[in-house]
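Below is one structure, written out as structure tokens; comments come after it.
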Amino acid sequence: MKIAVIGTGYVGLVSGTCFSEFGHEVTCVDKDPKKIEALNNDIMPIYEPGLDTLVSKNRTGGRLHFTTDLKDAMRGAEAVFIAVGTPSRRGDGHADLQYVFAAVDEAADYIDSYTVVVTKSTVPVGTGARIRERLAAKLDESLFDVASNPEFLREGAAIEDFMRPNRVVCGADSDRAQEVLRELYRPLYLNETPVLFTSRETAEVIKYAANAFLATKISFINEMADLCEKVGADVQQVARGIGLDSRIGSKFLHAGPGYGGSCFPKDTRALVSTADEHQVPMRIVRSVVEVNEERKRAMADKIIRACGGAVDGKKIAILGLTFKPNTDDMRESPSLDIIPALQKAGASIAAHDPKGMEEAAEMFENITLSEDPYDIMADADALVILTEWNQFRALDMARVKSLLKTPTLVDLRNIYANADMTGFTYVGVGRAPE
Ligand code: UGA
């Protein structure tokens, strides 16, 4: 099957590439000529494990194309996927749909035979209906259907998530559109992936409900961690103790510095805004957002407490800047709140991240970055682990201790055990009274 994908950001690039791996003929379109030229030379705009190999393989296999020419991309395409950004609109938290509508309007000019217009970007419920109206103003209704096919991939594990998903959700109201989507995902039927066909509105809500629920689990366990610290309980054992109940499940119960990234913060805010518009209070998700915002500030205070109550004139070494491991993405990373708060309190910061330093160099002021994780520790008053990269799980602790001025380790991802930290003042999350 021939398809076009508009937008070569995270979702568009991974989805387009994986569809070509399924055997479909895919053309990815982007307005940015530099990005397209780079992709045509197998240079990736993002770091995602395995993506470069898959792009190269399918591009040279003739199934995956990159172009700036939408008309060319849409020739003969049975489906066009809209995968452009939907950032939070400044001020009100709504998803900004201007790029989605611009892509739809442009695509409409090149639809001359039946095409399914599919939203892959995360769009608020009702967007599919608005896209339908826009297309109907330009085109005969027999020429198109609008479907919603939300994406559930995680950065850092995106290819695995696409190729072996827990489920695929297709929101399409007509049999014809459903047939096109069924054909696209046919390779997944072999490994019995559940493919759910729903109405378009239901699919749109499923995407937000999934992210909001996962964010809720995180804020929930983070509040439990606070209680554990006060009463001498261990939040990791609490998470295991509740997670073994299959009704609860063990995933997304890792306490930490709060969720970040390009999805949870934006999508939880957008869901609250959509609910407000429909006079639905959505109190739980609103609290989840508040708890998370509060959490990042509280983590800076936690570090300051671990340093004896003040960091003025002190040096703090930070390992991990990205919002999670295996990505170079800094969007809404807890580090963006925690580091400036420490600087405001008078600390100087030296940091290392395996993939995020290029972006970090532009986002932080007055920070020393080093390619070597040990370099940053020299004479530091404390070491803080902000992101749980594998590289940080087996540090040479004798060396760390010899480098630090004061052997204080604040482990905001609980990758070490208190018991292994003899000789250190060790502070984890939700594990021991401070
Ligand atoms: C998330 C969802 O997991 C994907 O299913 C979804 O497709 C994607 O958003 C999206 O909407 O596009 P992602 O943002 O890549 O994926 O990353 P996650 O692995 O979900 O982590 C998000 C944040 O939550 C990170 O900051 C992570 O450190 C934090 N987290 C996650 C915790 O603090 N504790 C946990 O137990 C799990």
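By convention in this document, the chains of the structure tokens carry letters A, B, ... by their order, each chain's residues are numbered from 1, and ligands are numbered from 1 in the order they are shown.
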
>> So that I can check the surroundings of A:Ile159, please list as a ChimeraX atom specification every protein, DNA and RNA residue that reaches within 12 Å of it, counting only C-alpha atoms and ignoring chain neighbours fewer than 6 positions away.
In response: /A:10-11,13-19,21,48-55,151-153,165

Give one line per residue of chain A that approaches ligand 1 to at most 6 Å, naming the two atoms of the closest pair and their distance in Å to one decimal, counting only C-alpha atoms and all ligand atoms; sort by chain then ascending residue number and deliver it as CSV.
residue,atom,partner,partner_atom_place_in_ligand_line,distance
A:Glu151,CA,ligand 1,7 (O),5.2
A:Phe152,CA,ligand 1,7 (O),3.0
A:Leu153,CA,ligand 1,7 (O),3.8
A:Arg154,CA,ligand 1,15 (O),3.5
A:Glu155,CA,ligand 1,15 (O),3.7
A:Asn211,CA,ligand 1,2 (C),6.0
A:Ile218,CA,ligand 1,34 (N),5.2
A:Phe252,CA,ligand 1,36 (O),3.1
A:Leu253,CA,ligand 1,36 (O),4.1
A:His254,CA,ligand 1,36 (O),3.6
A:Ala255,CA,ligand 1,34 (N),5.6
A:Gly256,CA,ligand 1,33 (O),4.9
A:Gly258,CA,ligand 1,33 (O),5.2
A:Tyr259,CA,ligand 1,26 (O),3.7
A:Gly260,CA,ligand 1,26 (O),3.8
A:Gly261,CA,ligand 1,14 (O),4.9
A:Ser262,CA,ligand 1,14 (O),5.8
A:Cys263,CA,ligand 1,11 (O),4.5
A:Phe264,CA,ligand 1,9 (O),5.8
A:Phe323,CA,ligand 1,26 (O),4.6
A:Lys324,CA,ligand 1,28 (O),4.7

Cut-off 12 Å: closest stretch 181-254 of chain A/stretch 412-423 of chain A atom pairs per residue, using only C-alpha atoms, as a Markdown table:
| residue | atom | partner | partner_atom | distance |
| --- | --- | --- | --- | --- |
| A:Asn222 | CA | A:Leu412 | CA | 11.1 |
| A:Ala225 | CA | A:Asn414 | CA | 11.2 |
| A:Asp234 | CA | A:Asn418 | CA | 10.8 |
| A:Val235 | CA | A:Asn414 | CA | 9.9 |
| A:Gln236 | CA | A:Asn414 | CA | 8.5 |
| A:Gln237 | CA | A:Asn414 | CA | 11.9 |
| A:Leu253 | CA | A:Arg413 | CA | 11.6 |
| A:His254 | CA | A:Arg413 | CA | 7.8 |

Would you put the residues from that selection into a file with N, CA, C and O atoms, as an mmCIF file, in the first residue's frame?
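Below you can see selection_37.cif, which holds the result:
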data_model
loop_
_atom_site.group_PDB
_atom_site.id
_atom_site.type_symbol
_atom_site.label_atom_id
_atom_site.label_comp_id
_atom_site.auth_asym_id
_atom_site.auth_seq_id
_atom_site.Cartn_x
_atom_site.Cartn_y
_atom_site.Cartn_z
ATOM 1 N N ASN A 222 4.568 9.186 43.375
ATOM 2 C CA ASN A 222 5.426 10.254 43.900
ATOM 3 C C ASN A 222 4.879 10.792 45.231
ATOM 4 O O ASN A 222 5.646 11.091 46.151
ATOM 5 N N ALA A 225 5.710 8.317 47.799
ATOM 6 C CA ALA A 225 7.134 8.428 48.158
ATOM 7 C C ALA A 225 7.313 9.472 49.253
ATOM 8 O O ALA A 225 8.079 9.267 50.206
ATOM 9 N N ASP A 234 9.469 2.176 52.495
ATOM 10 C CA ASP A 234 10.251 2.147 51.267
ATOM 11 C C ASP A 234 9.297 2.121 50.069
ATOM 12 O O ASP A 234 8.585 1.146 49.846
ATOM 13 N N VAL A 235 9.325 3.187 49.276
ATOM 14 C CA VAL A 235 8.346 3.310 48.184
ATOM 15 C C VAL A 235 8.547 2.250 47.099
ATOM 16 O O VAL A 235 7.590 1.828 46.453
ATOM 17 N N GLN A 236 9.781 1.772 46.926
ATOM 18 C CA GLN A 236 9.972 0.743 45.897
ATOM 19 C C GLN A 236 9.291 -0.559 46.298
ATOM 20 O O GLN A 236 8.712 -1.246 45.470
ATOM 21 N N GLN A 237 9.356 -0.848 47.603
ATOM 22 C CA GLN A 237 8.663 -2.052 48.058
ATOM 23 C C GLN A 237 7.151 -1.840 48.038
ATOM 24 O O GLN A 237 6.390 -2.769 47.774
ATOM 25 N N LEU A 253 5.254 2.848 38.084
ATOM 26 C CA LEU A 253 5.179 3.115 39.527
ATOM 27 C C LEU A 253 6.569 3.406 40.073
ATOM 28 O O LEU A 253 6.872 3.081 41.212
ATOM 29 N N HIS A 254 7.436 3.996 39.240
ATOM 30 C CA HIS A 254 8.759 4.387 39.742
ATOM 31 C C HIS A 254 8.704 5.823 40.219
ATOM 32 O O HIS A 254 8.459 6.733 39.420
#

>> Between A:Leu97, A:Ile248, A:Ala361, A:Val289, which residue has the minimum interatomic distance to A:Leu321, considering only C-alpha atoms?
In response: A:Ala361

> Would you give me, as a ChimeraX atom specification, the residues in stretch 59-286 of chain A that DSSP reads as strand (DSSP E or B)?
Replying inline: /A:64-67,79-82,88,95,115-119,144-148,168-171,195-198

Prev. selection, C-alpha atoms, output as a PDB file, in the first residue's frame:
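And here is the file that came out, result.pdb:
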ATOM      1  CA  LEU A  64      10.905   4.771   2.144  1.00  0.00           C
ATOM      2  CA  HIS A  65      11.248   8.212   0.564  1.00  0.00           C
ATOM      3  CA  PHE A  66      11.812  11.689   1.956  1.00  0.00           C
ATOM      4  CA  THR A  67      10.729  14.829   0.156  1.00  0.00           C
ATOM      5  CA  ALA A  79      -3.786   7.231   3.183  1.00  0.00           C
ATOM      6  CA  VAL A  80      -2.111  10.404   4.348  1.00  0.00           C
ATOM      7  CA  PHE A  81      -0.966  10.561   7.965  1.00  0.00           C
ATOM      8  CA  ILE A  82      -0.865  13.903   9.723  1.00  0.00           C
ATOM      9  CA  SER A  88       0.739  23.504  24.136  1.00  0.00           C
ATOM     10  CA  ALA A  95      -3.162  21.909  21.967  1.00  0.00           C
ATOM     11  CA  THR A 115      -7.842   8.935   0.416  1.00  0.00           C
ATOM     12  CA  VAL A 116      -8.060   8.376   4.151  1.00  0.00           C
ATOM     13  CA  VAL A 117      -6.747  11.374   6.073  1.00  0.00           C
ATOM     14  CA  VAL A 118      -5.443   9.976   9.364  1.00  0.00           C
ATOM     15  CA  THR A 119      -4.409  11.928  12.446  1.00  0.00           C
ATOM     16  CA  PHE A 144     -12.063  11.109   1.563  1.00  0.00           C
ATOM     17  CA  ASP A 145     -12.629   9.849   5.065  1.00  0.00           C
ATOM     18  CA  VAL A 146     -11.017  11.156   8.234  1.00  0.00           C
ATOM     19  CA  ALA A 147      -9.687   8.661  10.774  1.00  0.00           C
ATOM     20  CA  SER A 148      -7.826   8.811  14.075  1.00  0.00           C
ATOM     21  CA  VAL A 168      -3.502  -0.534  17.804  1.00  0.00           C
ATOM     22  CA  VAL A 169      -6.438   1.865  17.952  1.00  0.00           C
ATOM     23  CA  CYS A 170      -8.204   2.862  14.742  1.00  0.00           C
ATOM     24  CA  GLY A 171     -11.007   5.405  14.998  1.00  0.00           C
ATOM     25  CA  VAL A 195      -6.499  -3.952  16.705  1.00  0.00           C
ATOM     26  CA  LEU A 196      -9.401  -1.971  18.107  1.00  0.00           C
ATOM     27  CA  PHE A 197     -11.857  -0.303  15.752  1.00  0.00           C
ATOM     28  CA  THR A 198     -13.769   2.526  17.383  1.00  0.00           C
TER      29      THR A 198
END

>> What parts of stretch 215-381 of chain A does DSSP call helix (DSSP H, G or I)? I'd like the answer as a ChimeraX atom specification.
In response: /A:215-231,235-243,264-277,283-306,335-344,357-363,375-377

>> With distances taken over only C-alpha atoms, which residue among A:Ala83, A:Asp353, A:Pro340, A:Asp175 lies nearest A:Asn390?
In response: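 The shortest atom-to-atom distance to A:Asn390 comes from A:Asp353.
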
> Can you tell me, as a ChimeraX atom specification, what residues are no more than 12 Å from A:Glu133 when counting only C-alpha atoms, ignoring any on the same chain fewer than 5 positions away?
Replying inline: /A:101,104-105,108,126-128,138-141,144-146

Keeping only N, CA and C atoms, write those residues as a short mmCIF file (atom, residue, chain, number, x, y, z; two decimals), in the first residue's frame.
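Just written: selection-v4.cif:
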data_model
loop_
_atom_site.label_atom_id
_atom_site.label_comp_id
_atom_site.auth_asym_id
_atom_site.auth_seq_id
_atom_site.Cartn_x
_atom_site.Cartn_y
_atom_site.Cartn_z
N PHE A 101 -4.03 21.82 10.89
CA PHE A 101 -4.97 22.33 9.89
C PHE A 101 -4.24 22.80 8.63
N VAL A 104 -3.56 19.71 6.64
CA VAL A 104 -4.79 19.18 6.03
C VAL A 104 -5.18 20.03 4.82
N ASP A 105 -5.14 21.35 4.98
CA ASP A 105 -5.54 22.24 3.88
C ASP A 105 -4.66 22.02 2.66
N ALA A 108 -5.37 18.66 0.98
CA ALA A 108 -6.66 18.66 0.27
C ALA A 108 -6.47 19.03 -1.20
N GLY A 126 -12.63 15.77 18.86
CA GLY A 126 -13.39 16.71 18.03
C GLY A 126 -12.56 17.25 16.86
N THR A 127 -11.25 17.03 16.91
CA THR A 127 -10.39 17.56 15.83
C THR A 127 -10.68 16.85 14.51
N GLY A 128 -10.91 15.53 14.58
CA GLY A 128 -11.22 14.78 13.35
C GLY A 128 -12.46 15.36 12.67
N LYS A 138 -13.85 21.75 0.54
CA LYS A 138 -13.03 21.81 -0.68
C LYS A 138 -13.26 20.64 -1.62
N LEU A 139 -13.69 19.50 -1.04
CA LEU A 139 -13.69 18.26 -1.83
C LEU A 139 -15.04 17.55 -1.80
N ASP A 140 -15.31 16.75 -2.82
CA ASP A 140 -16.49 15.90 -2.82
C ASP A 140 -16.33 14.85 -1.70
N GLU A 141 -17.40 14.59 -0.96
CA GLU A 141 -17.27 13.71 0.22
C GLU A 141 -16.93 12.26 -0.12
N PHE A 144 -12.90 11.23 0.35
CA PHE A 144 -12.06 11.11 1.56
C PHE A 144 -12.86 10.60 2.76
N ASP A 145 -12.13 10.08 3.71
CA ASP A 145 -12.63 9.85 5.07
C ASP A 145 -11.57 10.38 6.01
N VAL A 146 -11.99 10.70 7.23
CA VAL A 146 -11.02 11.16 8.23
C VAL A 146 -11.00 10.13 9.37
#

>> Under the rule that only C-alpha atoms are counted, which of A:Ser246, A:Ser219, A:Gln279, A:Thr425 is the nearest residue to A:Cys307?
In response: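 Of the candidates, the smallest distance to A:Cys307 is held by A:Thr425.
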
>> So that I can see what lies close to A:Thr274, please list as a list of chain:residue names the residues with an atom at most 12 Å from it, counting only C-alpha atoms and leaving out residues fewer than 2 positions away in the same chain.
In response: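 Within the cut-off, the hits are A:Asp92, A:Gly93, A:His94, A:Ala95, A:Val123, A:Pro124, A:Val125, A:Gly126, A:Thr127, A:Glu204, A:Val205, A:Tyr208, A:Asp267, A:Thr268, A:Arg269, A:Ala270, A:Leu271, A:Val272, A:Asp276, A:Glu277, A:His278, A:Gln279, A:Val280, A:Pro281, A:Met282, A:Val285, A:Arg286.
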
> What gap, in Å, lies between atom CA of A:Ile318 and atom CA of A:Thr387?
Replying inline: 9.2 Å

>> When you count only C-alpha atoms, which of these residues is closest to A:Ile376: A:Asp396, A:Thr327, A:Arg305, A:Ala317?
In response: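 Of all the options, A:Ala317 lies closest to A:Ile376.
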
> For A:Val288, which residue among A:Ala177, A:Leu214, A:Ala306, A:Ala341 is the nearest when counting only C-alpha atoms?
Replying inline: A:Leu214

> Which is closer to A:Phe213 than all the others in A:Lys230, A:Lys355, A:Lys296, A:Lys251, using only C-alpha atoms?
Replying inline: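 Of all the options, A:Lys251 lies closest to A:Phe213.
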